[in-house]
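Here is structure_26.csv, consisting of CSV, C-alpha atoms:
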chain,number,residue,atom,x,y,z
A,1,MET,CA,36.0,24.7,60.8
A,2,LYS,CA,35.3,27.5,58.5
A,3,GLU,CA,36.3,25.6,55.3
A,4,LYS,CA,33.4,23.1,56.0
A,5,CYS,CA,30.6,25.7,55.8
A,6,TRP,CA,29.8,24.8,52.2
A,7,LEU,CA,30.0,21.0,52.7
A,8,LYS,CA,26.3,20.4,53.5
A,9,VAL,CA,25.6,17.0,52.0
A,10,ARG,CA,23.2,14.2,52.9
A,11,ALA,CA,23.9,12.0,49.9
A,12,LEU,CA,25.8,11.6,46.7
A,13,ASP,CA,23.0,13.0,44.6
A,14,VAL,CA,23.1,16.5,46.2
A,15,VAL,CA,20.3,18.8,45.4
A,16,ALA,CA,21.5,22.2,44.4
A,17,LEU,CA,20.6,25.0,46.7
A,18,GLY,CA,19.3,28.0,44.8
A,19,LEU,CA,21.9,30.7,44.2
A,20,LEU,CA,21.2,34.1,45.6
A,21,VAL,CA,20.4,36.4,42.8
A,22,VAL,CA,22.9,39.2,42.8
A,23,VAL,CA,20.7,41.6,41.0
A,24,LYS,CA,17.9,41.4,38.5
A,25,LEU,CA,18.5,44.0,35.8
A,26,THR,CA,15.7,43.0,33.5
A,27,ALA,CA,12.2,44.6,33.5
A,28,THR,CA,9.2,42.9,31.9
A,29,GLY,CA,6.7,45.1,30.2
A,30,CYS,CA,3.1,44.0,29.8
A,31,ILE,CA,1.1,46.5,27.7
A,32,SER,CA,-2.3,45.5,26.5
A,33,GLY,CA,-5.8,46.8,26.4
A,34,GLY,CA,-8.3,48.1,23.9
A,35,GLY,CA,-8.0,44.9,21.9
A,36,GLY,CA,-4.4,45.7,20.9
A,37,GLY,CA,-3.3,42.0,21.4
A,38,ALA,CA,-0.2,40.9,19.6
A,39,ARG,CA,0.4,44.4,18.0
A,40,SER,CA,0.5,46.1,21.4
A,41,ASN,CA,2.9,43.5,22.7
A,42,LEU,CA,5.1,44.0,19.7
A,43,ASP,CA,5.1,47.8,20.2
A,44,ALA,CA,6.0,47.3,23.8
A,45,LYS,CA,9.0,45.1,22.8
A,46,LYS,CA,10.2,47.7,20.3
A,47,ALA,CA,9.9,50.3,23.0
A,48,ILE,CA,12.0,48.3,25.4
A,49,GLU,CA,14.6,47.6,22.7
A,50,GLY,CA,14.7,51.4,22.0
A,51,LEU,CA,15.5,52.1,25.7
A,52,LYS,CA,18.4,49.7,25.5
A,53,SER,CA,19.9,51.2,22.3
A,54,ASP,CA,19.4,54.8,23.3
A,55,PRO,CA,18.7,55.0,27.0
A,56,TRP,CA,19.3,58.7,27.6
A,57,GLY,CA,18.2,60.1,24.2
A,58,ASP,CA,15.0,61.9,25.1
A,59,PRO,CA,13.4,61.8,28.6
A,60,GLU,CA,10.1,63.0,27.2
A,61,ARG,CA,9.9,60.4,24.4
A,62,ILE,CA,6.7,58.3,24.7
A,63,VAL,CA,7.5,54.6,25.2
A,64,ALA,CA,4.0,53.3,25.8
A,65,GLU,CA,0.4,54.2,26.2
A,66,VAL,CA,-1.9,52.5,28.6
A,67,ASN,CA,-5.7,53.2,28.4
A,68,GLY,CA,-4.9,56.6,26.9
A,69,ARG,CA,-2.3,57.6,29.4
A,70,GLN,CA,1.2,58.2,28.0
A,71,ILE,CA,4.3,56.8,29.7
A,72,THR,CA,7.5,58.7,28.9
A,73,GLN,CA,11.1,57.4,29.1
A,74,ARG,CA,11.5,59.5,32.2
A,75,ASP,CA,8.5,57.8,33.8
A,76,PHE,CA,9.9,54.5,33.0
A,77,TYR,CA,13.2,55.0,34.7
A,78,LEU,CA,11.7,56.7,37.7
A,79,ARG,CA,9.2,53.9,38.2
A,80,ALA,CA,11.9,51.2,37.9
A,81,LEU,CA,14.0,53.0,40.5
A,82,GLU,CA,11.0,53.3,42.8
A,83,GLN,CA,10.2,49.6,42.4
A,84,PHE,CA,13.8,48.4,43.2
A,85,GLY,CA,14.8,51.1,45.6
A,86,THR,CA,17.7,53.3,44.5
A,87,ARG,CA,20.1,52.2,47.2
A,88,ARG,CA,19.2,48.5,46.9
A,89,PHE,CA,19.5,48.7,43.1
A,90,LEU,CA,22.9,50.4,43.4
A,91,THR,CA,24.2,47.9,45.9
A,92,GLY,CA,23.2,45.0,43.7
A,93,PHE,CA,24.7,46.7,40.7
A,94,ILE,CA,28.0,47.2,42.5
A,95,THR,CA,28.0,43.6,43.7
A,96,GLN,CA,27.5,42.3,40.2
A,97,GLU,CA,30.3,44.5,38.9
A,98,LEU,CA,32.7,43.1,41.6
A,99,VAL,CA,31.8,39.5,40.6
A,100,LEU,CA,32.4,40.2,36.9
A,101,GLN,CA,35.7,41.9,37.6
A,102,GLU,CA,36.9,38.9,39.7
A,103,ALA,CA,35.7,36.5,37.1
A,104,LEU,CA,37.6,38.4,34.4
A,105,LYS,CA,40.8,38.3,36.4
A,106,ALA,CA,40.4,34.6,37.0
A,107,GLY,CA,39.8,33.9,33.3
A,108,ILE,CA,36.3,32.6,34.0
A,109,ARG,CA,33.7,32.7,31.2
A,110,VAL,CA,30.3,31.2,30.5
A,111,THR,CA,29.5,29.9,27.1
A,112,PRO,CA,26.1,30.3,25.3
A,113,GLU,CA,25.8,26.5,25.4
A,114,GLU,CA,26.0,26.5,29.2
A,115,VAL,CA,23.4,29.2,29.5
A,116,ASP,CA,21.1,27.4,27.1
A,117,ARG,CA,21.3,24.1,29.0
A,118,LYS,CA,20.5,25.8,32.3
A,119,VAL,CA,17.6,27.8,30.9
A,120,THR,CA,16.2,24.7,29.2
A,121,LYS,CA,16.3,22.9,32.5
A,122,LEU,CA,14.6,25.8,34.4
A,123,LEU,CA,11.8,26.0,31.8
A,124,GLU,CA,11.4,22.2,31.9
A,125,ASP,CA,11.0,22.4,35.7
A,126,GLU,CA,8.5,25.2,35.4
A,127,GLU,CA,6.6,23.2,32.8
A,128,LEU,CA,6.3,20.2,35.2
A,129,LYS,CA,5.0,22.5,38.0
A,130,ALA,CA,2.5,24.2,35.6
A,131,GLY,CA,1.1,20.9,34.4
A,132,GLY,CA,2.4,21.0,30.8
A,133,ARG,CA,3.9,23.2,28.2
A,134,GLU,CA,0.6,24.7,27.0
A,135,LYS,CA,-0.3,25.8,30.5
A,136,LEU,CA,3.1,27.3,31.1
A,137,ALA,CA,2.8,29.2,27.8
A,138,ARG,CA,-0.6,30.6,28.8
A,139,GLN,CA,0.9,31.7,32.1
A,140,TYR,CA,3.5,33.7,30.3
A,141,GLU,CA,1.0,35.0,27.8
A,142,ASP,CA,-0.9,36.6,30.7
A,143,LEU,CA,2.4,38.5,31.4
A,144,GLY,CA,2.7,39.5,27.7
A,145,LEU,CA,5.5,37.1,27.0
A,146,THR,CA,6.1,34.1,24.8
A,147,LEU,CA,8.1,31.2,26.1
A,148,GLU,CA,11.0,32.2,23.8
A,149,GLU,CA,11.0,35.7,25.4
A,150,ALA,CA,10.8,34.2,28.9
A,151,GLY,CA,13.8,32.1,28.0
A,152,GLN,CA,15.8,35.1,26.8
A,153,ASP,CA,15.0,37.0,30.1
A,154,ARG,CA,16.1,33.9,32.0
A,155,GLY,CA,19.3,33.7,30.0
A,156,ARG,CA,20.5,37.0,31.3
A,157,GLU,CA,19.9,36.0,34.9
A,158,VAL,CA,21.4,32.5,34.4
A,159,GLU,CA,24.6,33.9,32.9
A,160,GLN,CA,25.2,36.0,36.0
A,161,GLN,CA,24.5,33.1,38.3
A,162,LEU,CA,26.8,30.7,36.4
A,163,VAL,CA,29.6,33.3,36.5
A,164,LEU,CA,29.3,33.5,40.3
A,165,GLU,CA,29.0,29.8,40.6
A,166,LYS,CA,32.2,29.2,38.7
A,167,LEU,CA,34.0,31.9,40.6
A,168,ILE,CA,33.1,30.2,43.9
A,169,LYS,CA,34.1,26.8,42.8
A,170,SER,CA,37.4,28.0,41.5
A,171,ARG,CA,38.3,29.3,45.1
A,172,ARG,CA,37.3,26.2,47.0
A,173,ASN,CA,39.8,24.7,49.4
A,174,VAL,CA,39.2,21.0,49.5
A,175,ASN,CA,41.5,19.7,52.2
A,176,ASP,CA,41.8,16.3,53.8
A,177,ASP,CA,39.4,17.1,56.6
A,178,ILE,CA,36.7,18.1,54.1
A,179,LEU,CA,37.3,14.9,52.0
A,180,ARG,CA,37.0,12.7,55.1
A,181,GLU,CA,33.8,14.5,56.2
A,182,TYR,CA,32.3,13.9,52.7
A,183,TYR,CA,33.5,10.3,52.7
A,184,LYS,CA,31.6,9.6,55.9
A,185,VAL,CA,28.2,10.5,54.3
A,186,THR,CA,28.9,9.0,50.9
A,187,TYR,CA,31.4,6.3,49.9
A,188,GLY,CA,32.1,5.3,53.6
A,189,ARG,CA,28.8,3.4,53.8
A,190,THR,CA,26.3,1.5,51.7
A,191,ARG,CA,23.7,3.9,50.2
A,192,TYR,CA,20.4,3.4,48.6
A,193,ALA,CA,19.5,5.8,45.8
A,194,THR,CA,15.8,6.3,46.5
A,195,ARG,CA,12.6,8.0,45.3
A,196,HIS,CA,9.3,8.3,47.0
A,197,ILE,CA,5.7,9.4,46.6
A,198,ALA,CA,4.0,11.1,49.6
A,199,TYR,CA,0.3,11.2,50.5
A,200,SER,CA,-0.6,13.5,53.4
A,201,PHE,CA,-3.4,13.1,55.9
A,202,ARG,CA,-2.7,16.3,57.8
A,203,PRO,CA,-6.0,18.4,58.1
A,204,ARG,CA,-6.3,21.5,56.0
A,205,PRO,CA,-7.1,24.9,57.7
A,206,GLU,CA,-10.8,24.4,57.1
A,207,GLN,CA,-10.7,20.9,58.6
A,208,SER,CA,-10.3,19.7,62.2
A,209,ASP,CA,-8.5,16.9,64.1
A,210,ALA,CA,-11.8,15.0,63.9
A,211,ASP,CA,-11.2,14.6,60.2
A,212,VAL,CA,-7.8,12.9,60.7
A,213,PRO,CA,-9.1,9.2,60.8
A,214,ARG,CA,-10.9,9.7,57.5
A,215,LEU,CA,-8.0,11.5,55.9
A,216,ARG,CA,-5.6,8.8,57.1
A,217,LEU,CA,-7.7,6.1,55.5
A,218,GLU,CA,-7.9,8.0,52.3
A,219,ALA,CA,-4.2,8.6,52.2
A,220,ASN,CA,-3.4,5.0,52.9
A,221,SER,CA,-5.8,3.9,50.1
A,222,ARG,CA,-4.2,6.3,47.6
A,223,ALA,CA,-0.8,5.0,48.5
A,224,ALA,CA,-1.8,1.4,48.2
A,225,ARG,CA,-3.4,2.0,44.8
A,226,ALA,CA,-0.2,3.7,43.6
A,227,VAL,CA,1.9,0.7,44.8
A,228,ASP,CA,-0.4,-1.7,42.9
A,229,ARG,CA,-0.2,0.4,39.7
A,230,ILE,CA,3.6,0.6,39.8
A,231,ARG,CA,4.0,-3.1,40.5
A,232,LYS,CA,1.8,-3.7,37.4
A,233,GLY,CA,4.0,-1.5,35.2
A,234,ALA,CA,3.1,2.1,35.8
A,235,ASP,CA,6.1,4.6,35.7
A,236,PHE,CA,7.1,5.7,39.2
A,237,THR,CA,8.5,9.0,38.1
A,238,THR,CA,5.3,10.0,36.2
A,239,LEU,CA,3.1,9.0,39.1
A,240,ALA,CA,5.3,11.0,41.6
A,241,ARG,CA,5.0,14.1,39.5
A,242,ALA,CA,1.3,13.7,39.2
A,243,GLU,CA,0.3,12.7,42.8
A,244,SER,CA,3.1,13.3,45.3
A,245,GLN,CA,2.2,15.9,47.9
A,246,ASP,CA,5.9,16.5,48.7
A,247,THR,CA,6.3,19.8,46.7
A,248,VAL,CA,10.1,19.7,47.0
A,249,THR,CA,10.6,16.3,45.3
A,250,ALA,CA,7.5,15.9,43.1
A,251,SER,CA,8.9,17.9,40.2
A,252,ARG,CA,12.0,15.7,40.3
A,253,GLY,CA,10.0,12.5,40.0
A,254,GLY,CA,10.2,11.9,43.7
A,255,GLU,CA,14.0,11.7,43.8
A,256,LEU,CA,15.3,11.8,47.4
A,257,GLY,CA,19.0,11.1,46.7
A,258,ALA,CA,20.8,8.4,48.6
A,259,ILE,CA,19.6,7.1,51.9
A,260,TYR,CA,22.0,5.5,54.4
A,261,ASP,CA,22.0,4.6,58.1
A,262,ASP,CA,21.5,8.0,59.6
A,263,PRO,CA,19.8,8.8,62.9
A,264,LYS,CA,18.2,11.9,61.3
A,265,VAL,CA,16.1,9.8,59.0
A,266,VAL,CA,12.8,8.4,60.2
A,267,PRO,CA,13.5,4.9,61.4
A,268,GLU,CA,10.4,3.4,59.7
A,269,PHE,CA,11.6,4.9,56.4
A,270,MET,CA,15.1,3.4,56.7
A,271,ARG,CA,13.7,-0.1,57.6
A,272,ALA,CA,11.4,0.0,54.6
A,273,VAL,CA,14.1,1.2,52.2
A,274,PHE,CA,16.8,-1.2,53.4
A,275,LYS,CA,14.6,-4.2,52.7
A,276,LEU,CA,14.2,-3.3,49.0
A,277,GLY,CA,16.1,-4.6,46.0
A,278,VAL,CA,16.7,-2.4,42.9
A,279,ASN,CA,13.5,-1.2,41.3
A,280,GLU,CA,11.3,-2.8,44.1
A,281,VAL,CA,8.5,-0.7,45.6
A,282,SER,CA,7.7,-0.7,49.3
A,283,ASP,CA,4.2,-1.0,50.8
A,284,PRO,CA,2.8,2.3,52.2
A,285,VAL,CA,4.9,3.5,55.2
A,286,GLU,CA,3.3,5.8,57.7
A,287,ASN,CA,5.0,9.0,58.5
A,288,PRO,CA,4.6,10.0,62.2
A,289,ASN,CA,4.2,13.6,61.0
A,290,GLY,CA,1.0,12.8,59.1
A,291,GLY,CA,1.3,11.0,55.8
A,292,TYR,CA,2.0,7.8,53.9
A,293,HIS,CA,5.0,7.2,51.7
A,294,ILE,CA,5.9,4.6,49.2
A,295,PHE,CA,9.6,4.1,48.2
A,296,GLN,CA,11.5,2.7,45.3
A,297,VAL,CA,15.2,1.9,45.3
A,298,THR,CA,16.8,2.7,41.9
A,299,ARG,CA,20.4,1.8,42.8
A,300,ILE,CA,22.4,0.2,45.7
A,301,ILE,CA,25.8,1.9,46.0
A,302,PRO,CA,28.3,-0.2,47.9
A,303,GLU,CA,30.9,1.1,50.4
A,304,GLU,CA,34.4,1.9,49.0
A,305,SER,CA,37.7,2.5,50.6
A,306,PHE,CA,38.9,6.1,51.1
A,307,VAL,CA,42.0,5.7,48.9
A,308,ASP,CA,40.0,4.1,46.1
A,309,CYS,CA,37.5,7.0,45.8
A,310,LYS,CA,39.7,10.0,46.7
A,311,GLU,CA,40.0,11.4,43.2
A,312,LYS,CA,36.4,10.8,42.5
A,313,MET,CA,35.4,12.7,45.7
A,314,LEU,CA,37.7,15.6,44.7
A,315,GLY,CA,35.8,15.9,41.4
A,316,GLU,CA,32.4,15.7,43.0
A,317,LEU,CA,33.3,18.3,45.7
A,318,HIS,CA,34.5,20.7,43.0
A,319,ASP,CA,31.3,20.3,41.1
A,320,LEU,CA,29.0,20.6,44.1
A,321,PRO,CA,26.6,23.6,43.6
A,322,PRO,CA,27.4,26.5,46.0
A,323,SER,CA,25.3,26.7,49.2
A,324,GLU,CA,23.6,29.9,50.3
A,325,GLU,CA,26.2,30.3,53.0
A,326,GLU,CA,29.0,29.9,50.6
A,327,VAL,CA,27.5,32.5,48.3
A,328,ARG,CA,27.1,35.0,51.2
A,329,ASP,CA,30.7,34.5,52.3
A,330,ALA,CA,32.1,34.9,48.8
A,331,LEU,CA,30.1,38.2,48.2
A,332,LEU,CA,31.1,39.5,51.6
A,333,LYS,CA,34.8,38.9,50.9
A,334,LEU,CA,34.5,40.7,47.5
A,335,ARG,CA,32.8,43.7,49.0
A,336,SER,CA,35.0,44.0,52.0
A,337,GLY,CA,38.2,43.9,49.9
A,338,ALA,CA,37.0,46.4,47.2
A,339,ASP,CA,37.6,50.1,46.8
A,340,VAL,CA,34.0,51.3,46.1
A,341,ARG,CA,33.2,55.0,46.0
A,342,LEU,CA,29.9,56.8,45.9
A,343,PHE,CA,29.5,60.1,44.3
A,344,PRO,CA,28.2,62.1,46.0
A,345,PRO,CA,28.6,60.3,49.3
A,346,GLU,CA,25.3,59.1,50.7
A,347,GLY,CA,26.5,56.9,53.5
A,348,ARG,CA,28.1,53.5,53.5
A,349,LEU,CA,26.1,50.7,51.9
A,350,LYS,CA,25.4,48.4,54.9
A,351,GLY,CA,28.9,48.9,56.2
A,352,GLU,CA,30.5,47.2,53.1
A,353,VAL,CA,31.7,50.1,51.0
A,354,GLU,CA,33.5,53.4,51.8
A,355,GLU,CA,32.3,56.9,51.0
A,356,HIS,CA,34.4,59.3,48.9
A,357,GLN,CA,34.1,62.8,47.7
A,358,PRO,CA,35.2,63.4,44.1
A,359,GLY,CA,39.0,63.8,44.4
A,360,GLY,CA,38.8,63.1,48.2
A,361,THR,CA,40.3,60.4,50.4
A,362,LYS,CA,39.0,57.7,52.6
Represent the structure contained in this file as structure tokens.
Amino acid sequence: MKEKCWLKVRALDVVALGLLVVVKLTATGCISGGGGGARSNLDAKKAIEGLKSDPWGDPERIVAEVNGRQITQRDFYLRALEQFGTRRFLTGFITQELVLQEALKAGIRVTPEEVDRKVTKLLEDEELKAGGREKLARQYEDLGLTLEEAGQDRGREVEQQLVLEKLIKSRRNVNDDILREYYKVTYGRTRYATRHIAYSFRPRPEQSDADVPRLRLEANSRAARAVDRIRKGADFTTLARAESQDTVTASRGGELGAIYDDPKVVPEFMRAVFKLGVNEVSDPVENPNGGYHIFQVTRIIPEESFVDCKEKMLGELHDLPPSEEEVRDALLKLRSGADVRLFPPEGRLKGEVEEHQPGGTK
């Protein structure tokens, strides 16, 4: 059923799929050299701000100088178009305009507070992956940006993403079939909110299968030491971020969401998890694909009747982040129903917009 395409849940704590970026309209300048340091970065920032306030004023105006070579305003625009691709840039710009028009008609708006919260969360995740705030700051310094400037750039992108997300959510059709499908994998069964730490023993490219026995022993030893540390009081989340080799969940402190009786889950994992009480930690469990895992149950969520949790499910389904498929479908509908004209006509954009001569007809 078409309406179910966005309902891709494995547990109550659904991990948001990344939104497709409609178009990135910000360019980052990094101008340094000759010992210019902070002054050259400041000059670059002023140049960019000048382009925003008076974009078409003087094509020959010098906006930067790199190792003695001057870059004009004309150079800047031509290079940007070359980098993005004129047609791709225009397609993205048109898509963004369609989203904004629809959001305006629907009365959808995004507040500065919503943008700030999202940007803060994104930077916090980056900070965890970078290994701390200072390391992240140095990474951005290498690009000629401060953390504050990086947040400002992210803010413009985040605002566009939030508008699209709200627009999609406002058009969802949550019928009884979708509710019952969601119920089957959530409130219709007992679930165990779980987190884990993974230690791999799969050989690296420079290693061979002959190394597997040694690697398996090392992975098991590391997992056993982690279990001992946690049972003696170490924080599971902190250890997961520092040691887990599951790159998807490590930055979330090992959070897996809720595990239930599901044939798609490794049976050894389910058996280990279902034996645990709240806050208990499992012994190392071997993954047939090459690793050891330790699990901790943070909450046991009992089964509820459909009637009792119907309103709760409606709220959760409304707040569920859009899936990639849902985003694609929404954008396709917007483009296919729009009257988009190109002047002069240069061919249809991927079959999604019509060509028009000035004053002409379709």
Could you work out how far CA of Asp235 (chain A) lies from CA of Pro288 (chain A), giving the answer in Å with one decimal?
27.1 Å
Length of the CA of Asp125 (chain A) to CA of Leu256 (chain A) vector [Å]
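Distance between the two atoms: 16.4 Å.
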Between A:Val63, A:Gln73, A:Thr95, A:Arg79, single out the one closest to Ser336 (chain A), counting only C-alpha atoms.
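Closest candidate: A:Thr95.
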Between A:Thr186, A:Ala242, A:Glu165, A:Glu255, which has the minimum distance to Glu324 (chain A) (counting only C-alpha atoms)?
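Of all the options, A:Glu165 lies closest to Glu324 (chain A).
Between Glu218 (chain A) and the residues A:Gln160, A:Ala250, A:Gly257, A:Tyr199, the shortest atom-to-atom distance, using only C-alpha atoms, involves A:Tyr199.
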Please determine, counting all atoms listed in the file, which residue among A:Ile259, A:Leu167, A:Ala103, A:Leu147 has the shortest atom-to-atom distance to Ile300 (chain A).
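Nearest candidate to Ile300 (chain A) out of A:Ile259, A:Leu167, A:Ala103, A:Leu147: A:Ile259.
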Residues near Gly131 (chain A), anyone? I mean within 12 Å using all atoms listed in the file, not counting same-chain ones fewer than 6 positions away, as a PyMOL selection string.
chain A and resi 124-125+137-139+238+241-243+250-251
Could you add N, CA and C atoms to region 263-277 of chain A and give me the result as a PDB file, in the frame of the given file?
ATOM      1  N   PRO A 263      20.772   8.608  61.846  1.00  0.00           N
ATOM      2  CA  PRO A 263      19.800   8.800  62.900  1.00  0.00           C
ATOM      3  C   PRO A 263      18.793   9.957  62.618  1.00  0.00           C
ATOM      4  N   LYS A 264      19.124  10.820  61.637  1.00  0.00           N
ATOM      5  CA  LYS A 264      18.200  11.900  61.300  1.00  0.00           C
ATOM      6  C   LYS A 264      17.051  11.466  60.436  1.00  0.00           C
ATOM      7  N   VAL A 265      17.175  10.283  59.830  1.00  0.00           N
ATOM      8  CA  VAL A 265      16.100   9.800  59.000  1.00  0.00           C
ATOM      9  C   VAL A 265      15.103   8.996  59.821  1.00  0.00           C
ATOM     10  N   VAL A 266      13.815   9.150  59.482  1.00  0.00           N
ATOM     11  CA  VAL A 266      12.800   8.400  60.200  1.00  0.00           C
ATOM     12  C   VAL A 266      13.053   6.938  60.181  1.00  0.00           C
ATOM     13  N   PRO A 267      13.142   6.293  61.349  1.00  0.00           N
ATOM     14  CA  PRO A 267      13.500   4.900  61.400  1.00  0.00           C
ATOM     15  C   PRO A 267      12.635   3.969  60.528  1.00  0.00           C
ATOM     16  N   GLU A 268      11.326   4.254  60.520  1.00  0.00           N
ATOM     17  CA  GLU A 268      10.400   3.400  59.700  1.00  0.00           C
ATOM     18  C   GLU A 268      10.776   3.538  58.219  1.00  0.00           C
ATOM     19  N   PHE A 269      11.230   4.703  57.794  1.00  0.00           N
ATOM     20  CA  PHE A 269      11.600   4.900  56.400  1.00  0.00           C
ATOM     21  C   PHE A 269      12.858   4.056  56.077  1.00  0.00           C
ATOM     22  N   MET A 270      13.851   4.119  56.964  1.00  0.00           N
ATOM     23  CA  MET A 270      15.100   3.400  56.700  1.00  0.00           C
ATOM     24  C   MET A 270      14.801   1.866  56.651  1.00  0.00           C
ATOM     25  N   ARG A 271      13.997   1.371  57.590  1.00  0.00           N
ATOM     26  CA  ARG A 271      13.700  -0.100  57.600  1.00  0.00           C
ATOM     27  C   ARG A 271      13.026  -0.493  56.290  1.00  0.00           C
ATOM     28  N   ALA A 272      12.111   0.337  55.797  1.00  0.00           N
ATOM     29  CA  ALA A 272      11.400   0.000  54.600  1.00  0.00           C
ATOM     30  C   ALA A 272      12.362   0.027  53.362  1.00  0.00           C
ATOM     31  N   VAL A 273      13.213   1.031  53.300  1.00  0.00           N
ATOM     32  CA  VAL A 273      14.100   1.200  52.200  1.00  0.00           C
ATOM     33  C   VAL A 273      15.175   0.079  52.150  1.00  0.00           C
ATOM     34  N   PHE A 274      15.756  -0.251  53.319  1.00  0.00           N
ATOM     35  CA  PHE A 274      16.800  -1.200  53.400  1.00  0.00           C
ATOM     36  C   PHE A 274      16.400  -2.639  53.041  1.00  0.00           C
ATOM     37  N   LYS A 275      15.098  -2.891  53.042  1.00  0.00           N
ATOM     38  CA  LYS A 275      14.600  -4.200  52.700  1.00  0.00           C
ATOM     39  C   LYS A 275      14.433  -4.381  51.158  1.00  0.00           C
ATOM     40  N   LEU A 276      14.481  -3.267  50.425  1.00  0.00           N
ATOM     41  CA  LEU A 276      14.200  -3.300  49.000  1.00  0.00           C
ATOM     42  C   LEU A 276      15.365  -3.669  48.147  1.00  0.00           C
ATOM     43  N   GLY A 277      15.085  -4.386  47.065  1.00  0.00           N
ATOM     44  CA  GLY A 277      16.100  -4.600  46.000  1.00  0.00           C
ATOM     45  C   GLY A 277      15.904  -3.489  44.979  1.00  0.00           C
TER      46      GLY A 277
END
